[in-house]
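Dumped final33.cif below, it's mmCIF, C-alpha atoms and all ligand atoms:
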data_protein
#
loop_
_atom_site.label_atom_id
_atom_site.label_comp_id
_atom_site.auth_asym_id
_atom_site.auth_seq_id
_atom_site.Cartn_x
_atom_site.Cartn_y
_atom_site.Cartn_z
CA MET A 193 83.76 99.73 122.02
CA SER A 194 85.16 98.07 118.95
CA PHE A 195 88.89 97.97 118.32
CA PHE A 196 88.46 97.13 114.66
CA ALA A 197 85.78 99.63 113.69
CA ASN A 198 88.02 101.56 111.29
CA VAL A 199 89.88 98.67 109.69
CA GLU A 200 90.07 98.96 105.94
CA GLN A 201 89.33 96.04 103.69
CA VAL A 202 92.44 94.95 101.77
CA PRO A 203 91.68 94.22 98.11
CA GLY A 204 91.70 90.50 97.30
CA ASP A 205 94.41 88.78 95.22
CA PRO A 206 93.38 89.25 91.57
CA ILE A 207 94.56 85.79 90.53
CA LEU A 208 92.63 84.07 93.33
CA GLY A 209 89.62 86.18 92.40
CA LEU A 210 89.93 84.81 88.89
CA THR A 211 89.67 81.25 90.17
CA GLU A 212 86.58 82.16 92.17
CA ALA A 213 84.95 83.53 89.02
CA TYR A 214 86.00 80.41 87.13
CA ASN A 215 84.53 78.12 89.80
CA ALA A 216 81.24 80.00 89.65
CA ASP A 217 81.07 79.72 85.83
CA ALA A 218 78.50 77.10 84.81
CA ARG A 219 79.66 76.71 81.19
CA PRO A 220 80.84 73.10 80.71
CA ASN A 221 83.76 73.85 78.38
CA LYS A 222 85.40 76.37 80.74
CA VAL A 223 89.21 76.42 81.05
CA ASN A 224 91.23 78.13 83.78
CA LEU A 225 94.57 79.28 82.37
CA GLY A 226 94.99 81.81 85.17
CA VAL A 227 96.34 79.36 87.74
CA GLY A 228 99.88 79.16 89.12
CA ILE A 229 99.94 75.41 89.57
CA TYR A 230 101.07 72.53 87.38
CA TYR A 231 98.06 70.48 86.33
CA ASP A 232 98.37 67.11 84.63
CA GLU A 233 96.70 65.95 81.44
CA ASN A 234 93.48 65.26 83.42
CA GLY A 235 93.41 68.73 84.89
CA ARG A 236 94.48 67.53 88.33
CA ILE A 237 97.37 68.43 90.61
CA PRO A 238 99.58 65.35 90.33
CA LEU A 239 100.49 63.25 93.35
CA LEU A 240 103.93 62.09 92.26
CA ARG A 241 104.59 58.34 92.45
CA ALA A 242 107.85 58.96 94.30
CA VAL A 243 106.00 61.04 96.89
CA TYR A 244 103.27 58.43 97.24
CA GLN A 245 105.84 55.69 97.77
CA ILE A 246 107.86 57.53 100.39
CA GLU A 247 104.64 58.43 102.16
CA GLN A 248 103.68 54.74 102.36
CA GLN A 249 107.12 53.86 103.69
CA LEU A 250 107.03 56.60 106.30
CA ALA A 251 103.54 55.57 107.40
CA LEU A 252 104.70 51.97 107.99
CA ASP A 253 107.57 53.23 110.09
CA ALA A 254 105.67 56.08 111.76
CA LYS A 255 107.76 58.21 114.08
CA PRO A 256 106.84 60.61 116.89
CA ARG A 257 106.68 64.28 115.83
CA GLY A 258 109.16 66.20 117.92
CA TYR A 259 110.27 69.68 116.90
CA LEU A 260 112.72 69.97 114.06
CA PRO A 261 115.77 72.15 114.62
CA ILE A 262 115.17 75.84 113.86
CA ASP A 263 116.79 75.46 110.45
CA GLY A 264 114.95 72.24 109.66
CA LEU A 265 115.71 68.64 108.83
CA ALA A 266 119.44 68.23 108.23
CA ALA A 267 118.96 65.56 105.55
CA TYR A 268 116.61 67.90 103.70
CA ASP A 269 118.96 70.87 103.93
CA GLN A 270 121.91 68.83 102.66
CA ALA A 271 119.98 67.29 99.78
CA THR A 272 118.70 70.74 98.82
CA GLN A 273 122.19 72.21 98.73
CA LYS A 274 123.35 69.46 96.42
CA LEU A 275 120.44 69.97 94.08
CA LEU A 276 121.07 73.71 93.88
CA PHE A 277 124.86 73.87 93.88
CA GLY A 278 125.69 70.45 92.39
CA GLU A 279 126.82 67.18 93.95
CA GLN A 280 130.49 68.06 93.65
CA SER A 281 130.26 71.75 94.55
CA PRO A 282 133.53 73.06 96.02
CA LEU A 283 131.47 75.61 97.99
CA LEU A 284 129.67 72.85 99.82
CA GLU A 285 132.92 71.10 100.52
CA ALA A 286 134.36 74.33 101.91
CA GLY A 287 131.31 74.82 104.15
CA ARG A 288 130.50 78.14 102.51
CA VAL A 289 126.78 77.50 102.07
CA SER A 290 124.32 77.44 104.95
CA THR A 291 120.88 76.11 104.09
CA SER A 292 117.73 76.34 106.20
CA GLN A 293 114.44 74.61 105.52
CA THR A 294 111.70 77.24 105.27
CA ILE A 295 107.93 77.47 104.96
CA GLY A 296 107.84 77.25 101.17
CA GLY A 297 109.78 79.41 98.75
CA SER A 298 107.76 82.36 100.07
CA GLY A 299 109.13 81.76 103.56
CA ALA A 300 112.65 81.62 102.14
CA LEU A 301 112.13 84.96 100.43
CA ARG A 302 110.87 86.56 103.62
CA VAL A 303 113.56 85.12 105.89
CA GLY A 304 116.17 86.10 103.29
CA ALA A 305 114.75 89.62 103.07
CA ASP A 306 114.72 89.96 106.86
CA LEU A 307 118.31 88.74 106.95
CA LEU A 308 119.60 91.13 104.29
CA ILE A 309 117.82 94.20 105.61
CA LYS A 310 119.61 93.51 108.88
CA LEU A 311 123.06 92.57 107.60
CA LEU A 312 123.59 94.62 104.46
CA ASP A 313 124.17 98.31 104.13
CA THR A 314 121.22 98.92 101.80
CA ARG A 315 117.45 99.21 101.77
CA THR A 316 117.07 98.80 98.03
CA VAL A 317 116.04 95.68 96.20
CA ALA A 318 115.52 95.66 92.45
CA ILE A 319 113.03 93.22 90.96
CA SER A 320 112.26 92.53 87.32
CA ASN A 321 109.41 94.40 85.64
CA PRO A 322 107.19 92.44 85.78
CA SER A 323 107.86 89.91 88.52
CA TRP A 324 105.90 87.50 90.66
CA GLU A 325 103.57 89.91 92.47
CA ASN A 326 104.51 88.68 95.93
CA HIS A 327 108.16 89.71 95.48
CA ARG A 328 107.25 93.36 95.87
CA ALA A 329 105.02 92.67 98.87
CA VAL A 330 107.45 90.38 100.70
CA PHE A 331 110.46 92.65 100.34
CA GLY A 332 108.32 95.68 101.13
CA ALA A 333 107.05 94.01 104.30
CA ALA A 334 110.65 93.34 105.37
CA GLY A 335 111.41 97.05 105.04
CA PHE A 336 112.99 97.22 101.60
CA ASP A 337 112.39 99.94 99.04
CA VAL A 338 111.45 97.92 95.99
CA VAL A 339 112.45 99.27 92.59
CA ASP A 340 112.05 97.73 89.12
CA TYR A 341 114.58 96.87 86.48
CA THR A 342 113.50 96.63 82.86
CA TYR A 343 112.98 93.01 81.89
CA PHE A 344 110.29 92.27 79.36
CA ASP A 345 109.85 93.72 75.89
CA ALA A 346 106.18 93.31 75.06
CA ALA A 347 106.68 94.19 71.39
CA ARG A 348 109.25 91.44 70.91
CA HIS A 349 107.57 89.05 73.39
CA GLY A 350 110.92 88.41 75.03
CA LEU A 351 113.66 89.71 77.22
CA ASP A 352 114.78 93.34 76.90
CA PHE A 353 118.35 92.49 77.75
CA GLU A 354 119.87 95.87 76.95
CA GLY A 355 117.24 97.60 79.05
CA MET A 356 117.92 95.20 81.90
CA LEU A 357 121.67 95.87 81.84
CA ALA A 358 121.16 99.62 81.64
CA ASP A 359 118.90 99.59 84.71
CA LEU A 360 121.18 97.30 86.72
CA ARG A 361 124.07 99.64 85.97
CA LYS A 362 122.11 102.52 87.46
CA LEU A 363 121.64 100.83 90.84
CA GLU A 364 123.55 102.09 93.82
CA ARG A 365 126.43 99.85 94.92
CA GLY A 366 125.39 97.27 97.47
CA SER A 367 121.77 97.09 96.30
CA VAL A 368 120.09 93.70 96.26
CA VAL A 369 119.02 92.34 92.84
CA LEU A 370 116.33 89.68 92.72
CA LEU A 371 116.83 87.24 89.84
CA HIS A 372 114.62 84.38 88.64
CA ALA A 373 117.01 81.49 88.02
CA CYS A 374 114.72 79.92 85.41
CA CYS A 375 111.14 79.81 84.16
CA HIS A 376 110.47 83.49 84.83
CA ASN A 377 107.10 84.10 86.47
CA PRO A 378 105.03 85.66 84.90
CA THR A 379 106.62 86.13 81.46
CA GLY A 380 108.37 82.84 80.62
CA ALA A 381 111.28 84.89 79.27
CA ASP A 382 114.64 83.66 80.56
CA LEU A 383 118.25 84.70 80.09
CA THR A 384 120.54 82.57 77.92
CA GLN A 385 123.70 81.23 79.52
CA GLU A 386 125.67 83.88 77.66
CA GLN A 387 123.39 86.59 79.05
CA TRP A 388 123.72 85.19 82.55
CA ARG A 389 127.48 85.51 82.29
CA VAL A 390 127.16 89.16 81.33
CA VAL A 391 124.75 89.85 84.20
CA ALA A 392 126.90 88.00 86.73
CA GLU A 393 129.98 90.02 85.69
CA LEU A 394 128.01 93.23 85.95
CA LEU A 395 126.72 92.36 89.43
CA LYS A 396 130.21 91.58 90.60
CA GLU A 397 131.78 94.63 89.05
CA ARG A 398 129.09 96.96 90.38
CA GLY A 399 129.08 95.44 93.88
CA LEU A 400 125.43 94.36 93.67
CA PHE A 401 124.08 91.55 95.84
CA PRO A 402 122.33 88.68 94.01
CA PHE A 403 119.18 87.19 95.51
CA VAL A 404 118.26 84.20 93.36
CA ASP A 405 114.71 82.84 93.40
CA ILE A 406 114.39 79.31 91.99
CA ALA A 407 110.85 77.97 92.19
CA TYR A 408 110.78 75.86 89.01
CA GLN A 409 114.03 73.88 88.94
CA GLY A 410 113.63 71.10 86.37
CA PHE A 411 110.67 72.71 84.58
CA ASP A 412 112.61 74.10 81.61
CA LYS A 413 115.68 72.13 80.56
CA GLY A 414 116.55 69.90 83.49
CA ILE A 415 117.65 69.91 87.12
CA GLU A 416 121.26 70.78 86.41
CA GLU A 417 120.67 73.13 83.47
CA ASP A 418 118.01 75.14 85.29
CA ALA A 419 120.45 75.81 88.13
CA TYR A 420 122.95 77.41 85.73
CA ALA A 421 122.70 80.89 87.28
CA ILE A 422 123.44 79.48 90.75
CA ARG A 423 126.38 77.43 89.53
CA LEU A 424 127.73 80.45 87.69
CA LEU A 425 127.53 82.81 90.68
CA ALA A 426 129.01 80.07 92.86
CA GLY A 427 132.11 80.09 90.70
CA MET A 428 132.59 83.86 90.94
CA ASP A 429 133.72 84.30 94.49
CA MET A 430 130.67 86.31 95.52
CA ASP A 431 128.27 86.31 98.43
CA PHE A 432 124.64 85.68 97.47
CA VAL A 433 121.46 84.00 98.64
CA VAL A 434 119.09 81.50 97.04
CA ALA A 435 115.41 81.02 97.88
CA SER A 436 114.23 77.67 96.56
CA SER A 437 110.92 75.86 96.50
CA TYR A 438 109.78 72.27 95.93
CA SER A 439 106.13 73.30 95.58
CA LYS A 440 106.17 72.69 91.83
CA SER A 441 109.01 70.22 91.31
CA PHE A 442 107.55 67.80 93.88
CA SER A 443 103.95 68.92 93.44
CA LEU A 444 103.84 69.51 97.21
CA TYR A 445 102.23 72.96 97.26
CA GLY A 446 100.43 72.61 100.58
CA GLU A 447 103.35 71.02 102.41
CA ARG A 448 105.24 74.35 102.21
CA VAL A 449 108.67 72.98 101.36
CA GLY A 450 111.30 75.59 100.62
CA ALA A 451 114.79 76.57 101.67
CA LEU A 452 117.04 79.57 102.09
CA SER A 453 120.70 79.04 101.19
CA VAL A 454 123.26 81.71 101.98
CA VAL A 455 126.68 81.72 100.33
CA SER A 456 129.44 83.34 102.39
CA ALA A 457 133.17 83.77 101.79
CA ASP A 458 134.23 81.02 104.17
CA ALA A 459 132.91 78.48 106.67
CA LYS A 460 133.35 80.79 109.65
CA GLN A 461 131.22 83.51 108.08
CA ALA A 462 128.70 80.92 106.94
CA LYS A 463 128.28 79.78 110.55
CA ALA A 464 127.80 83.32 111.83
CA VAL A 465 125.27 84.10 109.09
CA GLN A 466 123.43 80.87 109.86
CA SER A 467 123.11 81.89 113.49
CA GLN A 468 121.44 85.11 112.29
CA VAL A 469 119.09 83.17 110.01
CA LYS A 470 118.14 80.96 112.94
CA ARG A 471 117.38 83.93 115.13
CA ILE A 472 115.06 85.33 112.47
CA ILE A 473 113.24 82.02 112.03
CA ARG A 474 112.98 81.56 115.79
CA THR A 475 111.13 84.85 116.14
CA ILE A 476 108.69 84.24 113.28
CA TYR A 477 107.66 80.58 113.50
CA SER A 478 110.30 78.94 115.70
CA SER A 479 110.90 75.92 113.48
CA PRO A 480 109.50 74.45 110.25
CA SER A 481 107.18 71.47 109.89
CA THR A 482 108.19 67.85 109.64
CA HIS A 483 106.14 66.07 107.02
CA GLY A 484 106.97 67.74 103.71
CA ALA A 485 110.67 67.84 104.48
CA ALA A 486 110.66 64.14 105.38
CA LEU A 487 109.02 63.38 102.02
CA VAL A 488 111.50 65.41 99.98
CA ALA A 489 114.55 64.18 101.89
CA GLY A 490 113.29 60.61 101.68
CA VAL A 491 112.94 60.82 97.91
CA LEU A 492 116.19 62.68 97.24
CA ASN A 493 118.22 60.39 99.48
CA SER A 494 116.88 57.12 98.06
CA PRO A 495 118.56 56.27 94.74
CA GLU A 496 115.47 54.40 93.56
CA LEU A 497 112.88 57.03 94.50
CA ARG A 498 115.09 59.78 93.24
CA GLN A 499 115.18 58.11 89.85
CA THR A 500 111.39 57.86 89.87
CA TRP A 501 111.11 61.55 90.79
CA GLU A 502 113.52 62.63 88.06
CA GLN A 503 111.50 60.62 85.59
CA GLU A 504 108.29 62.30 86.73
CA LEU A 505 109.88 65.74 86.61
CA THR A 506 110.97 64.96 83.06
CA GLU A 507 107.41 63.95 82.20
CA MET A 508 106.06 67.25 83.54
CA ARG A 509 108.70 69.23 81.66
CA GLU A 510 108.11 67.39 78.41
CA ARG A 511 104.36 67.77 78.69
CA ILE A 512 104.79 71.54 79.00
CA HIS A 513 107.06 71.59 75.94
CA ALA A 514 104.56 69.51 73.96
CA LEU A 515 101.72 71.85 74.91
CA ARG A 516 103.71 74.91 73.88
CA ALA A 517 104.51 73.32 70.54
CA GLY A 518 100.94 72.11 70.12
CA LEU A 519 99.44 75.53 70.81
CA VAL A 520 101.83 77.31 68.46
CA GLY A 521 101.23 74.72 65.74
CA LYS A 522 97.46 75.06 65.97
CA LEU A 523 97.55 78.86 66.07
CA ASN A 524 99.76 78.81 63.02
CA ALA A 525 97.43 76.51 61.15
CA LEU A 526 94.51 78.78 62.03
CA GLY A 527 96.36 81.81 60.67
CA ALA A 528 96.16 83.55 64.04
CA GLY A 529 99.44 85.40 63.56
CA ASP A 530 102.91 84.73 64.84
CA PHE A 531 102.82 83.07 68.26
CA SER A 532 106.14 81.25 67.82
CA PHE A 533 107.51 83.11 70.87
CA ILE A 534 105.37 80.86 73.08
CA GLU A 535 107.69 77.99 72.18
CA ARG A 536 110.76 80.02 73.06
CA GLN A 537 109.45 80.87 76.52
CA ALA A 538 110.35 78.64 79.46
CA GLY A 539 108.47 77.01 82.28
CA MET A 540 104.82 76.96 83.19
CA PHE A 541 103.96 80.52 82.27
CA SER A 542 103.68 82.48 79.10
CA TYR A 543 103.02 86.13 78.49
CA SER A 544 100.75 85.32 75.59
CA GLY A 545 100.71 88.83 74.18
CA LEU A 546 96.92 88.95 74.53
CA SER A 547 95.59 92.34 75.53
CA ARG A 548 93.26 93.00 78.43
CA ALA A 549 90.36 93.32 75.97
CA GLN A 550 91.26 89.99 74.33
CA VAL A 551 91.51 88.32 77.75
CA ASP A 552 88.04 89.70 78.57
CA ARG A 553 86.64 88.31 75.32
CA LEU A 554 88.15 84.90 76.02
CA ARG A 555 86.32 84.85 79.34
CA ASP A 556 83.01 86.29 78.14
CA GLU A 557 82.68 84.42 74.86
CA PHE A 558 84.61 81.20 75.53
CA ALA A 559 84.76 80.72 79.34
CA ILE A 560 88.55 80.71 79.09
CA TYR A 561 90.15 82.48 82.03
CA ALA A 562 93.58 84.13 81.81
CA VAL A 563 95.27 86.81 83.92
CA GLY A 564 94.52 90.37 82.76
CA THR A 565 98.19 90.85 81.82
CA GLY A 566 97.82 88.03 79.28
CA ARG A 567 99.68 85.52 81.45
CA ILE A 568 98.57 81.97 80.81
CA CYS A 569 99.61 78.80 82.62
CA VAL A 570 100.68 76.44 79.87
CA ALA A 571 100.37 73.44 82.23
CA ALA A 572 96.62 74.12 82.50
CA LEU A 573 96.30 73.22 78.81
CA SER A 574 95.77 69.60 77.80
CA GLN A 575 95.42 67.64 74.59
CA LYS A 576 91.67 67.73 75.34
CA ASN A 577 91.26 71.51 75.53
CA LEU A 578 94.04 72.55 73.16
CA ASP A 579 91.86 72.76 70.03
CA TYR A 580 89.18 74.68 71.87
CA VAL A 581 91.67 77.16 73.36
CA ALA A 582 93.58 77.60 70.07
CA ASN A 583 90.34 78.31 68.19
CA ALA A 584 89.25 80.83 70.80
CA VAL A 585 92.64 82.57 70.88
CA ALA A 586 92.68 82.71 67.07
CA THR A 587 89.21 84.25 67.13
CA VAL A 588 90.09 87.03 69.56
CA ALA A 589 93.55 87.61 68.05
CA ARG A 590 92.32 88.21 64.51
N1 LIG A 601 108.96 82.47 93.59
C1 LIG A 601 108.27 82.39 92.46
C2 LIG A 601 108.84 83.00 91.23
C3 LIG A 601 107.04 81.74 92.42
O1 LIG A 601 106.36 81.68 91.28
C4 LIG A 601 106.54 81.16 93.61
C5 LIG A 601 105.24 80.42 93.66
N2 LIG A 601 104.24 80.80 92.84
C6 LIG A 601 107.30 81.28 94.76
C7 LIG A 601 108.50 81.93 94.73
C8 LIG A 601 106.80 80.75 96.10
O2 LIG A 601 106.81 79.40 96.22
P1 LIG A 601 106.03 78.67 97.39
O3 LIG A 601 104.69 78.35 96.86
O4 LIG A 601 106.87 77.47 97.65
O5 LIG A 601 105.96 79.59 98.56
#
Go through the file and emit its structure as structure tokens.
Ligand code: PMP
Amino acid sequence: MSFFANVEQVPGDPILGLTEAYNADARPNKVNLGVGIYYDENGRIPLLRAVYQIEQQLALDAKPRGYLPIDGLAAYDQATQKLLFGEQSPLLEAGRVSTSQTIGGSGALRVGADLLIKLLDTRTVAISNPSWENHRAVFGAAGFDVVDYTYFDAARHGLDFEGMLADLRKLERGSVVLLHACCHNPTGADLTQEQWRVVAELLKERGLFPFVDIAYQGFDKGIEEDAYAIRLLAGMDMDFVVASSYSKSFSLYGERVGALSVVSADAKQAKAVQSQVKRIIRTIYSSPSTHGAALVAGVLNSPELRQTWEQELTEMRERIHALRAGLVGKLNALGAGDFSFIERQAGMFSYSGLSRAQVDRLRDEFAIYAVGTGRICVAALSQKNLDYVANAVATVAR
């Protein structure tokens, strides 16, 4: 007898499938713009100098690997809070924020979703249309009904702010609203500070619960600037949660370094909520892993290494900006049409405006791979492939 005879095959992840097709492509000039990773000018995942240095130091002073506490390395949690809420945050001083190291930003989303489905009086979470695909799956797996709010205006290649507000206003009181703090994945369309203020007021007035996802802090304007939405909500006397990730900002994808931070009204509530978070973590994976957290905490808590890291983060950010400008400039010169919106978008990703058919042509005729929605990873461009990609895009766009 076979227990698994009737198990259905789950369809594979379309973006990972894209990379498989890319890997199998023998054409030498191929370019994979479908990825969700920051690549450097040589097309490699960078190993940051600050990370390398702390790793050497830790290796020289190697320690036994006991279990971490359920909510992770204290030095990591504290450094993370400061990065998200600011060094001088009155909330941190008041003990209103409880932070737990999690298995990547994905783990933070799941633990946060499990927490809210248990503690809040709602089953509804609203995510942007479109959003990172896993948002729907993670919240769905935790038992939420996932609905969309209008976000992107394809015709204008930017945010549909009025549509967003209208949809948020329609949500039932108490619903959870997932917000990308910066560098929206997949569109690259972010809110201005003015728009954030309007949204934050609306959330407060309508009794909606903010769930902030910040996976690209430092990839648009800077560490402090990219945390604007968090700082704003923190000043509004509201409860909310933040799922954060160092996968991109430290280029530590495989180390699975993330955190869940919960903001409560006072220190007593924060402690009670933290005990609930710990119970959830305990029953999923018991406690997080040591190495990645030690690297991040080591860098953030060493003035010298922190400076190195900030410098490297700036280099990554500026490279993305230069590539955006370079692509737009070349497309302009080639008379490909108006792609200036690519420069206004933020972070690693851009909804390029290319149609499914144009994406197919890029792959078939030029060995350039992009997501079917037209999403491209700007960080997968380089000064070496920029001309080639711009020429190909101009060809299919005409
Ligand atoms: N949120 C968003 C918006 C993301 O793009 C990602 C990663 N692609 C994550 C969360 C998850 O981050 P991690 O890889 O650390 O789990």
Hey, which bits of chain A sit within 8 Å of ligand LIG 601 (chain A), and for each residue what's the closest pair of atoms and how far apart in Å (one decimal), counting all atoms listed in the file, rows by chain and increasing number, as a Markdown table?
| residue | atom | partner | partner_atom | distance |
| --- | --- | --- | --- | --- |
| A:Gly228 | CA | A:LIG601 | N2 | 6.0 |
| A:Ile229 | CA | A:LIG601 | N2 | 7.6 |
| A:Ile295 | CA | A:LIG601 | O5 | 7.0 |
| A:Gly296 | CA | A:LIG601 | O4 | 3.7 |
| A:Gly297 | CA | A:LIG601 | O4 | 3.7 |
| A:Ser298 | CA | A:LIG601 | O5 | 3.6 |
| A:Gly299 | CA | A:LIG601 | O5 | 6.3 |
| A:Ala300 | CA | A:LIG601 | O5 | 7.9 |
| A:Leu301 | CA | A:LIG601 | C7 | 7.4 |
| A:Ser323 | CA | A:LIG601 | C2 | 7.5 |
| A:Trp324 | CA | A:LIG601 | C2 | 5.4 |
| A:Asn326 | CA | A:LIG601 | C7 | 7.9 |
| A:His327 | CA | A:LIG601 | N1 | 7.5 |
| A:His372 | CA | A:LIG601 | C2 | 6.5 |
| A:His376 | CA | A:LIG601 | C2 | 6.6 |
| A:Asn377 | CA | A:LIG601 | C2 | 5.2 |
| A:Pro378 | CA | A:LIG601 | O1 | 7.6 |
| A:Asp405 | CA | A:LIG601 | N1 | 5.8 |
| A:Ile406 | CA | A:LIG601 | N1 | 6.5 |
| A:Ala407 | CA | A:LIG601 | N1 | 5.1 |
| A:Tyr408 | CA | A:LIG601 | O1 | 7.7 |
| A:Ala435 | CA | A:LIG601 | C7 | 7.6 |
| A:Ser436 | CA | A:LIG601 | C7 | 7.4 |
| A:Ser437 | CA | A:LIG601 | O4 | 4.5 |
| A:Tyr438 | CA | A:LIG601 | O4 | 6.2 |
| A:Ser439 | CA | A:LIG601 | O4 | 4.7 |
| A:Lys440 | CA | A:LIG601 | O4 | 7.6 |
| A:Tyr445 | CA | A:LIG601 | O3 | 5.9 |
| A:Arg448 | CA | A:LIG601 | O4 | 5.8 |
| A:Val449 | CA | A:LIG601 | O4 | 6.1 |
| A:Gly450 | CA | A:LIG601 | O4 | 5.7 |
Selection to disk with C-alpha atoms, as a JSON list (two decimals), keeping the file's coordinate frame:
[["chain", "number", "residue", "atom", "x", "y", "z"],
["A", 228, "GLY", "CA", 99.88, 79.16, 89.12],
["A", 229, "ILE", "CA", 99.94, 75.41, 89.57],
["A", 295, "ILE", "CA", 107.93, 77.47, 104.96],
["A", 296, "GLY", "CA", 107.84, 77.25, 101.17],
["A", 297, "GLY", "CA", 109.78, 79.41, 98.75],
["A", 298, "SER", "CA", 107.76, 82.36, 100.07],
["A", 299, "GLY", "CA", 109.13, 81.76, 103.56],
["A", 300, "ALA", "CA", 112.65, 81.62, 102.14],
["A", 301, "LEU", "CA", 112.13, 84.96, 100.43],
["A", 323, "SER", "CA", 107.86, 89.91, 88.52],
["A", 324, "TRP", "CA", 105.90, 87.50, 90.66],
["A", 326, "ASN", "CA", 104.51, 88.68, 95.93],
["A", 327, "HIS", "CA", 108.16, 89.71, 95.48],
["A", 372, "HIS", "CA", 114.62, 84.38, 88.64],
["A", 376, "HIS", "CA", 110.47, 83.49, 84.83],
["A", 377, "ASN", "CA", 107.10, 84.10, 86.47],
["A", 378, "PRO", "CA", 105.03, 85.66, 84.90],
["A", 405, "ASP", "CA", 114.71, 82.84, 93.40],
["A", 406, "ILE", "CA", 114.39, 79.31, 91.99],
["A", 407, "ALA", "CA", 110.85, 77.97, 92.19],
["A", 408, "TYR", "CA", 110.78, 75.86, 89.01],
["A", 435, "ALA", "CA", 115.41, 81.02, 97.88],
["A", 436, "SER", "CA", 114.23, 77.67, 96.56],
["A", 437, "SER", "CA", 110.92, 75.86, 96.50],
["A", 438, "TYR", "CA", 109.78, 72.27, 95.93],
["A", 439, "SER", "CA", 106.13, 73.30, 95.58],
["A", 440, "LYS", "CA", 106.17, 72.69, 91.83],
["A", 445, "TYR", "CA", 102.23, 72.96, 97.26],
["A", 448, "ARG", "CA", 105.24, 74.35, 102.21],
["A", 449, "VAL", "CA", 108.67, 72.98, 101.36],
["A", 450, "GLY", "CA", 111.30, 75.59, 100.62]]
Residue nearest A:Asp556 among A:Ala213, A:Ala485, A:Ala459, A:Val303 (counting all atoms listed in the file): A:Ala213
Who sits within 10 Å of A:Asp359, all atoms listed in the file, same chain under 6 positions skipped, as a PyMOL selection string: chain A and resi 318+340-343+353
Counting all atoms listed in the file, which residue out of A:Leu519, A:Val588, A:Leu357, A:Leu307 sits closest to A:Ser467?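 Of the candidates, the smallest distance to A:Ser467 is held by A:Leu307.
One distance worth recording is that between atom CA of A:Arg511 and atom CA of A:Leu573, which is 9.7 Å.
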Nearest to A:Gln273: which of A:Ser320, A:Ser453, A:Asn524, A:Gln245 is it, counting only C-alpha atoms? A:Ser453
Please rebuild stretch 507-519 of chain A with N, CA and C atoms and return the result as a compact mmCIF listing (two decimals), in the frame of the given file.
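Contents of rebuild35.txt, as written:
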# COMPACT_ATOMS: atom_id res chain seq x y z
N GLU A 507 108.74 64.06 82.83
CA GLU A 507 107.41 63.95 82.20
C GLU A 507 106.67 65.29 82.26
N MET A 508 106.74 65.95 83.41
CA MET A 508 106.06 67.25 83.54
C MET A 508 106.66 68.27 82.58
N ARG A 509 107.99 68.28 82.53
CA ARG A 509 108.70 69.23 81.66
C ARG A 509 108.34 68.98 80.20
N GLU A 510 108.37 67.72 79.82
CA GLU A 510 108.11 67.39 78.41
C GLU A 510 106.65 67.65 78.03
N ARG A 511 105.76 67.47 78.97
CA ARG A 511 104.36 67.77 78.69
C ARG A 511 104.19 69.28 78.43
N ILE A 512 104.87 70.09 79.22
CA ILE A 512 104.79 71.54 79.00
C ILE A 512 105.33 71.90 77.62
N HIS A 513 106.47 71.31 77.27
CA HIS A 513 107.06 71.59 75.94
C HIS A 513 106.10 71.18 74.83
N ALA A 514 105.48 70.01 74.99
CA ALA A 514 104.56 69.51 73.96
C ALA A 514 103.35 70.44 73.83
N LEU A 515 102.87 70.95 74.96
CA LEU A 515 101.72 71.85 74.91
C LEU A 515 102.07 73.18 74.25
N ARG A 516 103.26 73.67 74.54
CA ARG A 516 103.71 74.91 73.88
C ARG A 516 103.75 74.70 72.36
N ALA A 517 104.39 73.60 71.98
CA ALA A 517 104.51 73.32 70.54
C ALA A 517 103.14 73.12 69.92
N GLY A 518 102.29 72.40 70.63
CA GLY A 518 100.94 72.11 70.12
C GLY A 518 100.15 73.39 69.93
N LEU A 519 100.20 74.28 70.89
CA LEU A 519 99.44 75.53 70.81
C LEU A 519 99.94 76.39 69.64
